>>> print(open('query28.tsv').read())   # TSV, C-alpha atoms and all ligand atoms
chain	number	residue	atom	x	y	z
A	1	MET	CA	31.35	20.66	83.24
A	2	ALA	CA	29.31	20.15	86.35
A	3	GLY	CA	30.35	16.51	86.34
A	4	SER	CA	33.62	17.48	87.94
A	5	VAL	CA	31.81	19.03	90.84
A	6	HIS	CA	31.34	16.86	93.89
A	7	ARG	CA	28.33	17.11	96.09
A	8	GLU	CA	28.89	18.30	99.61
A	9	PRO	CA	26.55	17.37	102.43
A	10	GLU	CA	23.74	19.89	102.42
A	11	ALA	CA	24.47	22.57	104.93
A	12	GLU	CA	21.48	23.90	106.76
A	13	GLU	CA	20.35	27.27	105.63
A	14	SER	CA	20.82	29.93	108.22
A	15	GLU	CA	20.80	33.65	108.38
A	16	SER	CA	24.43	33.54	109.43
A	17	LEU	CA	24.89	33.58	105.70
A	18	ARG	CA	24.14	37.20	105.83
A	19	SER	CA	27.67	37.89	106.86
A	20	ASP	CA	28.74	36.30	103.61
A	21	ALA	CA	26.75	38.69	101.49
A	22	ASN	CA	28.77	40.03	98.68
A	23	ILE	CA	28.29	43.68	99.27
A	24	ALA	CA	30.43	46.48	98.06
A	25	GLY	CA	30.80	49.71	99.94
A	26	PRO	CA	29.18	53.06	99.37
A	27	MET	CA	28.95	54.29	95.84
A	28	THR	CA	31.74	56.58	94.91
A	29	ASP	CA	31.53	56.37	91.17
A	30	PRO	CA	31.54	59.63	89.25
A	31	VAL	CA	28.18	59.18	87.60
A	32	PRO	CA	25.18	61.39	86.91
A	33	GLY	CA	22.56	62.28	89.47
A	34	PRO	CA	19.49	60.39	90.54
A	35	ARG	CA	16.60	59.70	88.23
A	36	THR	CA	13.93	60.55	90.74
A	37	GLU	CA	13.65	62.70	93.79
A	38	SER	CA	14.63	61.06	97.01
A	39	PRO	CA	11.95	60.98	99.69
A	40	GLY	CA	11.51	64.29	101.44
A	41	ASP	CA	11.75	65.18	105.07
A	42	ASP	CA	8.24	63.97	105.66
A	43	VAL	CA	9.45	60.40	105.60
A	44	SER	CA	8.77	58.74	108.89
A	45	ARG	CA	11.78	58.31	111.10
A	46	GLU	CA	10.09	55.28	112.60
A	47	THR	CA	11.27	53.17	109.74
A	48	PRO	CA	12.40	49.81	111.06
A	49	PRO	CA	16.11	49.69	111.73
A	50	LEU	CA	18.38	47.91	109.31
A	51	THR	CA	18.78	44.70	111.14
A	52	ASP	CA	19.40	41.35	109.60
A	53	GLY	CA	17.28	39.59	112.11
A	54	GLY	CA	14.04	41.54	111.71
A	55	ALA	CA	11.00	39.29	111.94
A	56	GLY	CA	8.42	39.85	109.27
A	57	PRO	CA	7.92	42.42	106.59
A	58	ALA	CA	9.29	45.90	106.91
A	59	GLY	CA	6.47	48.30	107.60
A	60	GLY	CA	4.80	45.87	109.95
A	61	ALA	CA	1.06	45.61	109.69
A	62	ASP	CA	0.78	47.73	106.58
A	63	PRO	CA	1.33	45.14	103.88
A	64	VAL	CA	1.02	47.49	100.95
A	65	GLY	CA	1.41	51.16	100.35
A	66	ALA	CA	4.01	53.81	100.63
A	67	PRO	CA	5.49	53.07	104.09
A	68	VAL	CA	6.98	49.80	102.90
A	69	GLY	CA	8.50	51.33	99.82
A	70	ARG	CA	9.82	54.21	101.85
A	71	ALA	CA	11.41	51.90	104.34
A	72	ALA	CA	13.23	50.29	101.46
A	73	GLN	CA	14.17	53.63	99.96
A	74	LEU	CA	15.51	54.81	103.30
A	75	ALA	CA	17.43	51.59	103.70
A	76	VAL	CA	18.99	52.06	100.31
A	77	GLU	CA	19.96	55.61	101.13
A	78	ALA	CA	21.29	54.75	104.55
A	79	LEU	CA	23.61	52.32	102.85
A	80	GLY	CA	24.77	54.88	100.35
A	81	ARG	CA	23.42	52.86	97.48
A	82	ALA	CA	20.59	55.08	96.35
A	83	GLY	CA	20.18	56.62	92.94
A	84	ALA	CA	22.72	59.30	93.75
A	85	GLY	CA	25.25	58.09	91.32
A	86	LEU	CA	23.79	55.34	89.19
A	87	PRO	CA	23.86	56.05	85.48
A	88	ARG	CA	20.68	55.83	83.44
A	89	PRO	CA	20.94	53.89	80.23
A	90	GLU	CA	20.70	56.03	77.11
A	91	GLN	CA	18.15	53.65	75.67
A	92	THR	CA	15.81	51.28	77.40
A	93	ARG	CA	17.72	48.12	78.27
A	94	ILE	CA	15.55	45.10	77.62
A	95	MET	CA	16.83	42.14	79.61
A	96	VAL	CA	15.46	38.65	79.10
A	97	VAL	CA	15.79	36.58	82.24
A	98	ALA	CA	16.01	33.07	80.87
A	99	ASN	CA	17.08	29.56	81.79
A	100	GLN	CA	14.86	26.69	80.78
A	101	LYS	CA	15.54	25.00	84.07
A	102	GLY	CA	12.91	25.65	86.72
A	103	GLY	CA	13.79	26.80	90.19
A	104	VAL	CA	17.10	28.49	89.39
A	105	GLY	CA	15.97	31.93	90.52
A	106	LYS	CA	14.64	33.54	87.32
A	107	THR	CA	11.55	35.02	88.90
A	108	THR	CA	13.30	35.92	92.13
A	109	THR	CA	16.03	37.65	90.17
A	110	THR	CA	13.61	39.45	87.87
A	111	VAL	CA	11.50	40.98	90.62
A	112	ASN	CA	14.32	41.77	93.03
A	113	LEU	CA	16.62	43.24	90.41
A	114	ALA	CA	13.73	45.26	89.01
A	115	ALA	CA	12.86	46.59	92.48
A	116	SER	CA	16.53	47.33	93.15
A	117	LEU	CA	16.91	49.26	89.91
A	118	ALA	CA	13.75	51.20	90.70
A	119	LEU	CA	15.02	51.98	94.21
A	120	HIS	CA	18.22	53.16	92.58
A	121	GLY	CA	16.03	55.66	90.73
A	122	ALA	CA	15.31	53.93	87.42
A	123	ARG	CA	11.93	53.41	85.75
A	124	VAL	CA	11.48	49.69	85.33
A	125	LEU	CA	8.87	47.44	83.76
A	126	VAL	CA	8.64	43.75	84.61
A	127	ILE	CA	6.95	41.64	81.95
A	128	ASP	CA	5.71	38.40	83.42
A	129	LEU	CA	5.90	35.82	80.66
A	130	ASP	CA	5.39	32.74	82.82
A	131	PRO	CA	1.81	31.39	83.00
A	132	GLN	CA	2.47	30.65	86.68
A	133	GLY	CA	2.42	34.39	87.26
A	134	ASN	CA	4.98	34.16	90.07
A	135	ALA	CA	6.56	37.50	89.22
A	136	SER	CA	3.12	39.16	89.32
A	137	THR	CA	2.47	37.58	92.72
A	138	ALA	CA	5.83	38.65	94.10
A	139	LEU	CA	5.17	42.22	93.01
A	140	GLY	CA	1.77	42.23	94.67
A	141	ILE	CA	-0.04	42.54	91.33
A	142	ASP	CA	-3.50	41.08	90.97
A	143	HIS	CA	-3.49	38.47	88.22
A	144	HIS	CA	-6.70	36.49	88.47
A	145	ALA	CA	-8.19	35.30	85.20
A	146	GLU	CA	-10.11	38.52	84.39
A	147	VAL	CA	-7.21	40.89	84.81
A	148	PRO	CA	-5.92	42.33	81.50
A	149	SER	CA	-2.61	40.57	81.03
A	150	ILE	CA	0.32	39.87	78.78
A	151	TYR	CA	-1.81	37.14	77.17
A	152	ASP	CA	-4.09	39.83	75.76
A	153	VAL	CA	-1.05	41.62	74.40
A	154	LEU	CA	0.49	38.57	72.75
A	155	VAL	CA	-2.59	36.80	71.49
A	156	GLU	CA	-5.25	39.51	71.18
A	157	GLY	CA	-2.93	42.32	70.11
A	158	LYS	CA	-3.93	44.62	73.00
A	159	PRO	CA	-1.56	47.55	73.64
A	160	LEU	CA	0.92	46.94	76.44
A	161	SER	CA	-0.23	50.16	78.10
A	162	ASP	CA	-3.65	48.57	78.69
A	163	VAL	CA	-2.23	45.87	80.92
A	164	VAL	CA	0.68	47.54	82.73
A	165	GLN	CA	0.05	48.23	86.41
A	166	PRO	CA	2.15	50.22	88.87
A	167	VAL	CA	3.70	48.12	91.63
A	168	PRO	CA	2.19	49.40	94.88
A	169	ASP	CA	5.27	49.58	97.10
A	170	VAL	CA	7.99	50.78	94.80
A	171	GLU	CA	8.00	54.05	92.92
A	172	GLY	CA	9.05	53.72	89.29
A	173	LEU	CA	8.31	50.00	89.11
A	174	PHE	CA	5.61	48.59	86.82
A	175	CYS	CA	4.38	45.13	85.91
A	176	ALA	CA	2.62	43.56	82.96
A	177	PRO	CA	1.05	40.58	84.74
A	178	ALA	CA	0.57	37.03	83.54
A	179	THR	CA	-2.66	35.15	84.09
A	180	ILE	CA	-3.29	31.46	83.68
A	181	ASP	CA	-4.56	32.17	80.11
A	182	LEU	CA	-0.93	32.41	79.12
A	183	ALA	CA	-0.63	28.64	79.48
A	184	GLY	CA	-2.57	28.34	76.22
A	185	ALA	CA	-0.55	30.98	74.43
A	186	GLU	CA	2.27	28.62	73.38
A	187	ILE	CA	-0.28	26.77	71.24
A	188	GLU	CA	-2.37	29.77	70.18
A	189	LEU	CA	0.65	31.72	69.02
A	190	VAL	CA	1.61	29.02	66.52
A	191	SER	CA	-1.09	30.00	64.05
A	192	LEU	CA	-0.75	33.77	64.47
A	193	VAL	CA	0.98	36.20	62.14
A	194	ALA	CA	4.50	37.18	63.26
A	195	ARG	CA	4.23	34.72	66.10
A	196	GLU	CA	7.82	35.21	67.27
A	197	SER	CA	7.80	38.98	67.29
A	198	ARG	CA	4.50	39.89	68.91
A	199	LEU	CA	6.08	40.96	72.20
A	200	GLN	CA	8.72	42.96	70.36
A	201	ARG	CA	6.02	44.87	68.46
A	202	ALA	CA	4.06	45.52	71.63
A	203	ILE	CA	7.16	46.90	73.37
A	204	GLN	CA	8.05	49.06	70.39
A	205	ALA	CA	4.56	50.56	70.46
A	206	TYR	CA	4.75	51.27	74.21
A	207	GLU	CA	5.49	54.94	74.58
A	208	GLN	CA	6.13	55.34	78.30
A	209	PRO	CA	9.76	56.19	79.06
A	210	LEU	CA	11.55	53.30	80.70
A	211	ASP	CA	15.13	52.64	81.70
A	212	TYR	CA	14.81	48.88	81.97
A	213	ILE	CA	12.42	46.17	80.90
A	214	LEU	CA	12.98	42.82	82.61
A	215	ILE	CA	11.20	39.84	81.10
A	216	ASP	CA	10.63	36.82	83.33
A	217	CYS	CA	10.59	33.72	81.10
A	218	PRO	CA	8.89	30.40	81.73
A	219	PRO	CA	11.09	27.33	82.29
A	220	SER	CA	10.99	26.26	78.64
A	221	LEU	CA	12.36	27.32	75.29
A	222	GLY	CA	8.98	27.55	73.54
A	223	LEU	CA	7.37	30.45	71.71
A	224	LEU	CA	6.96	32.55	74.84
A	225	THR	CA	10.70	32.50	75.50
A	226	VAL	CA	11.38	33.05	71.79
A	227	ASN	CA	9.14	36.13	71.91
A	228	ALA	CA	11.22	37.42	74.81
A	229	LEU	CA	14.49	36.71	72.98
A	230	VAL	CA	13.25	38.54	69.90
A	231	ALA	CA	12.09	41.50	71.98
A	232	GLY	CA	15.23	41.93	74.06
A	233	ALA	CA	18.85	42.75	73.42
A	234	GLU	CA	20.36	41.25	76.55
A	235	VAL	CA	19.96	37.81	78.04
A	236	LEU	CA	20.43	37.50	81.78
A	237	ILE	CA	20.94	33.91	82.87
A	238	PRO	CA	20.56	33.11	86.56
A	239	ILE	CA	22.55	30.04	87.49
A	240	GLN	CA	21.86	28.23	90.71
A	241	CYS	CA	25.03	27.25	92.55
A	242	GLU	CA	24.03	23.62	92.67
A	243	TYR	CA	25.00	20.33	91.15
A	244	TYR	CA	24.20	20.19	87.41
A	245	ALA	CA	24.22	23.99	87.32
A	246	LEU	CA	25.43	24.13	83.71
A	247	GLU	CA	23.39	21.25	82.39
A	248	GLY	CA	21.01	22.34	79.67
A	249	LEU	CA	22.68	25.72	79.27
A	250	GLY	CA	24.07	24.66	75.89
A	251	GLN	CA	20.54	24.39	74.53
A	252	LEU	CA	19.70	27.86	75.78
A	253	LEU	CA	22.88	29.29	74.27
A	254	ARG	CA	22.13	27.61	70.93
A	255	ASN	CA	18.65	29.11	70.96
A	256	VAL	CA	20.14	32.51	71.64
A	257	GLU	CA	22.45	32.00	68.64
A	258	LEU	CA	19.53	30.91	66.47
A	259	VAL	CA	17.43	33.91	67.38
A	260	ARG	CA	20.41	36.18	66.86
A	261	GLY	CA	21.05	34.65	63.45
A	262	HIS	CA	17.50	34.83	62.17
A	263	LEU	CA	15.34	37.20	64.14
A	264	ASN	CA	17.29	39.63	66.34
A	265	THR	CA	20.88	40.55	65.53
A	266	HIS	CA	21.19	42.60	68.75
A	267	LEU	CA	20.70	39.65	71.05
A	268	HIS	CA	23.57	38.59	73.28
A	269	VAL	CA	24.15	37.05	76.68
A	270	SER	CA	25.21	40.08	78.67
A	271	THR	CA	24.84	38.93	82.24
A	272	ILE	CA	25.16	35.78	84.29
A	273	LEU	CA	24.14	35.86	87.92
A	274	LEU	CA	25.03	33.19	90.44
A	275	THR	CA	22.07	32.57	92.71
A	276	MET	CA	21.44	30.70	95.95
A	277	TYR	CA	25.13	30.79	96.73
A	278	ASP	CA	25.95	29.06	99.97
A	279	GLY	CA	29.36	30.26	101.05
A	280	ARG	CA	29.82	27.38	103.48
A	281	THR	CA	29.79	24.64	100.90
A	282	ARG	CA	32.67	23.71	98.65
A	283	LEU	CA	30.11	22.77	96.02
A	284	ALA	CA	28.94	26.36	95.67
A	285	SER	CA	32.43	27.75	95.20
A	286	GLN	CA	33.27	24.97	92.74
A	287	VAL	CA	30.17	25.71	90.69
A	288	ALA	CA	30.92	29.41	90.83
A	289	GLU	CA	34.46	28.81	89.64
A	290	GLU	CA	33.27	26.58	86.87
A	291	VAL	CA	30.72	29.12	85.68
A	292	ARG	CA	33.34	31.86	85.75
A	293	SER	CA	35.80	29.80	83.79
A	294	HIS	CA	33.19	29.11	81.10
A	295	PHE	CA	31.67	32.55	80.88
A	296	GLY	CA	34.38	34.91	82.06
A	297	GLY	CA	33.38	38.53	81.95
A	298	GLU	CA	29.64	38.04	81.66
A	299	VAL	CA	29.39	36.71	85.21
A	300	LEU	CA	28.51	39.41	87.71
A	301	ARG	CA	30.99	39.69	90.54
A	302	THR	CA	28.07	40.02	92.89
A	303	SER	CA	26.40	36.73	93.63
A	304	ILE	CA	23.15	36.18	95.49
A	305	PRO	CA	23.36	34.25	98.75
A	306	ARG	CA	20.84	31.65	99.76
A	307	SER	CA	18.58	33.60	102.07
A	308	VAL	CA	15.42	32.78	103.96
A	309	ARG	CA	14.18	36.35	103.55
A	310	ILE	CA	14.38	36.08	99.76
A	311	SER	CA	12.23	32.97	99.75
A	312	GLU	CA	9.74	34.36	102.28
A	313	ALA	CA	9.08	37.67	100.53
A	314	PRO	CA	6.78	36.43	97.71
A	315	SER	CA	4.23	35.04	100.14
A	316	TYR	CA	3.72	38.63	101.34
A	317	GLY	CA	3.37	39.85	97.75
A	318	GLN	CA	6.64	41.68	98.16
A	319	THR	CA	10.18	41.74	96.92
A	320	VAL	CA	12.91	41.23	99.48
A	321	LEU	CA	13.74	44.91	99.02
A	322	THR	CA	10.54	45.93	100.77
A	323	TYR	CA	10.10	42.82	102.90
A	324	ASP	CA	13.45	43.08	104.67
A	325	PRO	CA	15.49	45.93	103.20
A	326	GLY	CA	18.52	45.34	105.41
A	327	SER	CA	18.82	41.61	104.78
A	328	SER	CA	21.73	40.09	102.92
A	329	GLY	CA	19.38	39.10	100.10
A	330	ALA	CA	18.14	42.66	99.64
A	331	LEU	CA	21.64	44.09	99.77
A	332	SER	CA	23.03	41.61	97.29
A	333	TYR	CA	20.27	42.34	94.76
A	334	LEU	CA	20.86	46.07	95.22
A	335	GLU	CA	24.51	45.47	94.56
A	336	ALA	CA	23.84	43.29	91.53
A	337	ALA	CA	21.60	46.05	90.16
A	338	ARG	CA	24.34	48.58	90.71
A	339	GLU	CA	26.84	46.37	88.94
A	340	ILE	CA	24.47	45.92	85.98
A	341	ALA	CA	23.85	49.67	85.75
A	342	LEU	CA	27.55	50.50	85.89
A	343	ARG	CA	28.55	47.84	83.39
A	344	GLY	CA	25.83	49.02	81.02
A	345	ALA	CA	27.36	52.48	81.13
A	346	GLY	CA	30.84	51.06	80.57
A	347	ILE	CA	31.96	52.11	84.06
A	348	HIS	CA	34.38	49.84	85.85
A	349	TYR	CA	32.68	48.03	88.69
A	350	ASP	CA	34.78	48.15	91.80
A	351	VAL	CA	34.39	45.41	94.38
A	352	HIS	CA	35.18	46.99	97.71
A	353	HIS	CA	34.84	43.88	99.80
A	354	GLY	CA	35.78	40.29	99.21
A	355	HIS	CA	33.24	38.48	97.13
A	356	GLN	CA	31.90	35.05	97.66
A	357	GLY	CA	31.61	33.66	94.19
A	358	GLY	CA	35.10	32.33	93.50
A	359	ARG	CA	37.53	34.26	91.35
A	360	PRO	CA	36.38	37.47	89.74
A	361	GLY	CA	35.71	37.19	86.04
A	362	ASP	CA	39.07	37.32	84.36
A	363	PRO	CA	38.91	39.32	81.14
A	364	ASN	CA	41.72	37.18	79.74
A	365	ASN	CA	39.66	34.12	80.31
A	366	GLN	CA	36.93	34.69	77.72
A	367	HIS	CA	35.84	31.31	76.47
A	368	SER	CA	33.37	30.75	73.71
A	369	MET	CA	29.95	30.96	75.32
A	370	SER	CA	29.04	27.38	74.58
A	371	GLU	CA	32.44	25.73	74.86
A	372	GLY	CA	32.34	22.69	77.09
A	373	ILE	CA	28.70	23.12	77.97
A	374	GLN	CA	26.18	20.41	77.26
B	401	LIG	N1	18.71	33.42	96.92
B	401	LIG	C1	17.73	32.61	97.32
B	401	LIG	N2	17.68	32.15	98.57
B	401	LIG	C2	16.69	31.32	98.97
B	401	LIG	N3	15.69	30.90	98.20
B	401	LIG	C3	15.67	31.34	96.93
B	401	LIG	C4	16.68	32.21	96.41
B	401	LIG	N4	16.41	32.47	95.11
B	401	LIG	C5	15.27	31.78	94.83
B	401	LIG	N5	14.83	31.12	95.91
B	401	LIG	C6	13.66	30.25	96.00
B	401	LIG	O1	13.85	29.18	95.08
B	401	LIG	C7	12.63	28.86	94.45
B	401	LIG	C8	12.80	28.97	92.94
B	401	LIG	O2	13.08	30.31	92.60
B	401	LIG	P1	12.38	31.02	91.36
B	401	LIG	O3	12.87	32.41	91.30
B	401	LIG	O4	10.89	30.83	91.43
B	401	LIG	O5	12.97	30.16	90.17
B	401	LIG	P2	12.51	30.08	88.64
B	401	LIG	O6	11.74	31.32	88.32
B	401	LIG	O7	13.78	29.94	87.88
B	401	LIG	O8	11.67	28.84	88.52
B	401	LIG	C9	11.59	29.80	95.01
B	401	LIG	O9	10.90	29.14	96.03
B	401	LIG	C10	12.40	30.95	95.55
B	401	LIG	O10	11.75	31.58	96.64
B	402	MG	MG	9.80	31.53	87.56
>>> encode(input="query28.tsv", output="structure tokens")
Amino acid sequence: MAGSVHREPEAEESESLRSDANIAGPMTDPVPGPRTESPGDDVSRETPPLTDGGAGPAGGADPVGAPVGRAAQLAVEALGRAGAGLPRPEQTRIMVVANQKGGVGKTTTTVNLAASLALHGARVLVIDLDPQGNASTALGIDHHAEVPSIYDVLVEGKPLSDVVQPVPDVEGLFCAPATIDLAGAEIELVSLVARESRLQRAIQAYEQPLDYILIDCPPSLGLLTVNALVAGAEVLIPIQCEYYALEGLGQLLRNVELVRGHLNTHLHVSTILLTMYDGRTRLASQVAEEVRSHFGGEVLRTSIPRSVRISEAPSYGQTVLTYDPGSSGALSYLEAAREIALRGAGIHYDVHHGHQGGRPGDPNNQHSMSEGIQ
């Protein structure tokens, strides 16, 4: 339990962390070809270089539009991590990004993983299920009160296709935004028919082909999160490498069990991602080790470093993938996306470089998901 973890003095965040990024080498896996065409020869060669220290968003003064997305795409390709090689899931993978704790990196993980998967060539929909609308903001999607939103889908029964918007910078990435109306939905849903399965029905009726749907949950276990758990098959839990990291997880895991038992037999915790990992602190590696010993194989080998670029990107309405494609934060999310895609296809994920998150998940160390967790 986190109680055995001792707090280290807070180390100052610095971009020197970039060297700690847990990045594997070029993709060599024998997997099918890309989902989408790579950018043609018309792509500008003036794309900003892949430096870690770049100041400001990639693409400079052009805050939205193709150049930014292309810079990211080029960065991905330059690193050998583009779609050339990532398997597409046979069916749409619906991943519920949940943890009832706030500030653990749910939204950051949702938008950056989604953008990474899209840059890898997948078609990805982000469903923003948090009334704060942070995922919509980070994707540069307008979500003022009048915008058709996921509230209309859940409460008014509007088709999902009426609210989905393409994300400006990243080809293949879409978002169903949340507006502040959603704050009332927890209450309004209570009296509605099939209140737990309204999102599931909306997704089932959505006919656009998608490889992934990522659902960003609010920091609670109310009806909005239950709707996500009923709609999805996989739960992705971001865990912040901080003191008390595991506290409250037991409640989430019990809810997952309850939903699996009564409403959605497919549901399981497929993925745990360590976020805000600070390689210089003993605390982070202790938390990582603890999480790995509890969860074993579900924990991604890739962990996400604490990175200034990751936290800056949303204020530009961007993911870190377009904001600073060469940064450690961008690279680690690209790598996490790759790991998720390969695992989903049952392909062994090979870590080429040392990783920063403690021991790799040991398949012989599979504990019960809730054992020892409060
Ligand atoms: N890897 C990271 N490095 C630095 N800051 C991060 C990182 N991940 C998240 N953050 C910041 O931490 C805060 C909480 O993250 P967020 O994704 O909004 O959490 P949640 O959705 O779980 O509430 C945000 O300000 C975000 O920018
Ligand atoms: Mg959030």
>>> closest_residue(input="query28.tsv", among="A:Pro314, A:Gly140, A:Gly105, A:Gly329", to="ligand LIG 401 (chain B)", atoms="only C-alpha atoms and all ligand atoms")
A:Gly105
>>> closest_atom_pairs(input="query28.tsv", of="chain A", to="ligand LIG 401 (chain B)", cutoff="10 Å", atoms="all atoms listed in the file", output="CSV")
residue,atom,partner,partner_atom,distance
A:Glu13,CA,B:LIG401,C2,8.6
A:Val97,CA,B:LIG401,O7,8.9
A:Ala98,CA,B:LIG401,O7,8.0
A:Asn99,CA,B:LIG401,O7,6.9
A:Gln100,CA,B:LIG401,O7,7.9
A:Lys101,CA,B:LIG401,O7,6.5
A:Gly102,CA,B:LIG401,O8,3.9
A:Gly103,CA,B:LIG401,O8,3.4
A:Val104,CA,B:LIG401,O7,3.9
A:Gly105,CA,B:LIG401,O3,3.2
A:Lys106,CA,B:LIG401,O7,3.7
A:Thr107,CA,B:LIG401,O6,3.8
A:Thr108,CA,B:LIG401,O3,3.6
A:Thr109,CA,B:LIG401,O3,6.2
A:Thr110,CA,B:LIG401,O3,7.9
A:Val111,CA,B:LIG401,O3,8.7
A:Asn112,CA,B:LIG401,O3,9.6
A:Asp130,CA,B:LIG401,O6,8.5
A:Gln132,CA,B:LIG401,O6,9.4
A:Gly133,CA,B:LIG401,O6,9.9
A:Asn134,CA,B:LIG401,O4,6.9
A:Ala135,CA,B:LIG401,O6,8.1
A:Ala138,CA,B:LIG401,O10,9.6
A:Asp216,CA,B:LIG401,O6,7.5
A:Cys217,CA,B:LIG401,O6,7.7
A:Pro218,CA,B:LIG401,O6,7.2
A:Pro219,CA,B:LIG401,O8,6.4
A:Ile237,CA,B:LIG401,O7,9.6
A:Pro238,CA,B:LIG401,O7,7.6
A:Ile239,CA,B:LIG401,O7,8.8
A:Gln240,CA,B:LIG401,N4,8.2
A:Cys241,CA,B:LIG401,N1,9.9
A:Leu274,CA,B:LIG401,N1,9.1
A:Thr275,CA,B:LIG401,N1,5.5
A:Met276,CA,B:LIG401,N1,4.0
A:Tyr277,CA,B:LIG401,N1,6.9
A:Asp278,CA,B:LIG401,N2,8.9
A:Ser303,CA,B:LIG401,N1,9.0
A:Ile304,CA,B:LIG401,N1,5.4
A:Pro305,CA,B:LIG401,N1,5.1
A:Arg306,CA,B:LIG401,N2,3.4
A:Ser307,CA,B:LIG401,N2,3.9
A:Val308,CA,B:LIG401,C2,5.4
A:Arg309,CA,B:LIG401,C2,7.3
A:Ile310,CA,B:LIG401,N2,5.3
A:Ser311,CA,B:LIG401,O10,3.4
A:Glu312,CA,B:LIG401,O10,6.6
A:Ala313,CA,B:LIG401,O10,7.7
A:Pro314,CA,B:LIG401,O10,7.0
A:Ser315,CA,B:LIG401,O10,9.0
A:Ser328,CA,B:LIG401,N1,9.5
A:Gly329,CA,B:LIG401,N1,6.5
A:Ala330,CA,B:LIG401,N1,9.6
A:Ser332,CA,B:LIG401,N1,9.3
A:Tyr333,CA,B:LIG401,N1,9.3
>>> residues_around(input="query28.tsv", residues="Asn264 (chain A)", least_positions_apart="3", cutoff="10 Å", atoms="all atoms listed in the file", output="compact mmCIF listing (two decimals) with C-alpha atoms, keeping the file's coordinate frame")
# COMPACT_ATOMS: atom_id res chain seq x y z
CA SER A 197 7.80 38.98 67.29
CA LEU A 229 14.49 36.71 72.98
CA VAL A 230 13.25 38.54 69.90
CA ALA A 231 12.09 41.50 71.98
CA GLY A 232 15.23 41.93 74.06
CA ALA A 233 18.85 42.75 73.42
CA VAL A 256 20.14 32.51 71.64
CA GLU A 257 22.45 32.00 68.64
CA LEU A 258 19.53 30.91 66.47
CA VAL A 259 17.43 33.91 67.38
CA ARG A 260 20.41 36.18 66.86
CA GLY A 261 21.05 34.65 63.45
CA LEU A 267 20.70 39.65 71.05
CA HIS A 268 23.57 38.59 73.28
>>> closest_residue(input="query28.tsv", among="A:Ile203, A:Val153, A:Val124, A:Val287", to="Leu189 (chain A)", atoms="all atoms listed in the file")
A:Val153
>>> residues_near_point(input="query28.tsv", point="(6.4, 49.7, 72.8)", cutoff="12 Å", atoms="all atoms listed in the file", output="list in words")
Thr92, Ile94, Leu125, Val153, Lys158, Pro159, Leu160, Ser161, Asp162, Val164, Arg198, Leu199, Gln200, Arg201, Ala202, Ile203, Gln204, Ala205, Tyr206, Glu207, Gln208, Pro209, Leu210, Ile213, Ala231 and Gly232 of chain A
>>> closest_residue(input="query28.tsv", among="A:Ile187, A:Leu273, A:Leu263, A:Leu129", to="ligand MG 402 (chain B)", atoms="only C-alpha atoms and all ligand atoms")
A:Leu129
>>> closest_residue(input="query28.tsv", among="A:Ile272, A:Leu252, A:Ala337, A:Ala178", to="ligand MG 402 (chain B)", atoms="all atoms listed in the file")
A:Ala178
>>> atom_distance(input="query28.tsv", atom1="CA of Glu339 (chain A)", atom2="CA of Ser116 (chain A)")
11.2 Å
>>> closest_residue(input="query28.tsv", among="A:Thr265, A:Ser149, A:Ser327, A:Thr302", to="Ala288 (chain A)", atoms="all atoms listed in the file")
A:Thr302
>>> atom_distance(input="query28.tsv", atom1="CA of Thr322 (chain A)", atom2="CA of Gln165 (chain A)")
17.9 Å
>>> closest_residue(input="query28.tsv", among="A:Val299, A:Ala284, A:Leu249, A:Leu192", to="Arg343 (chain A)", atoms="all atoms listed in the file")
A:Val299
>>> atom_distance(input="query28.tsv", atom1="CA of Leu86 (chain A)", atom2="CA of Leu334 (chain A)")
11.4 Å
>>> build_atoms(input="query28.tsv", residues="region 200-207 of chain A", atoms="N, CA and C atoms", output="compact mmCIF listing (two decimals), in the coordinates of the input")
# COMPACT_ATOMS: atom_id res chain seq x y z
N GLN A 200 7.85 41.89 70.84
CA GLN A 200 8.72 42.96 70.36
C GLN A 200 7.88 44.13 69.82
N ARG A 201 6.88 43.80 69.02
CA ARG A 201 6.02 44.87 68.46
C ARG A 201 5.29 45.62 69.56
N ALA A 202 4.79 44.87 70.54
CA ALA A 202 4.06 45.52 71.63
C ALA A 202 4.98 46.47 72.40
N ILE A 203 6.22 46.04 72.63
CA ILE A 203 7.16 46.90 73.37
C ILE A 203 7.51 48.13 72.54
N GLN A 204 7.71 47.91 71.25
CA GLN A 204 8.05 49.06 70.39
C GLN A 204 6.93 50.10 70.37
N ALA A 205 5.70 49.64 70.50
CA ALA A 205 4.56 50.56 70.46
C ALA A 205 4.28 51.20 71.82
N TYR A 206 4.99 50.77 72.85
CA TYR A 206 4.75 51.27 74.21
C TYR A 206 5.53 52.57 74.38
N GLU A 207 4.82 53.64 74.66
CA GLU A 207 5.49 54.94 74.58
C GLU A 207 6.00 55.49 75.91
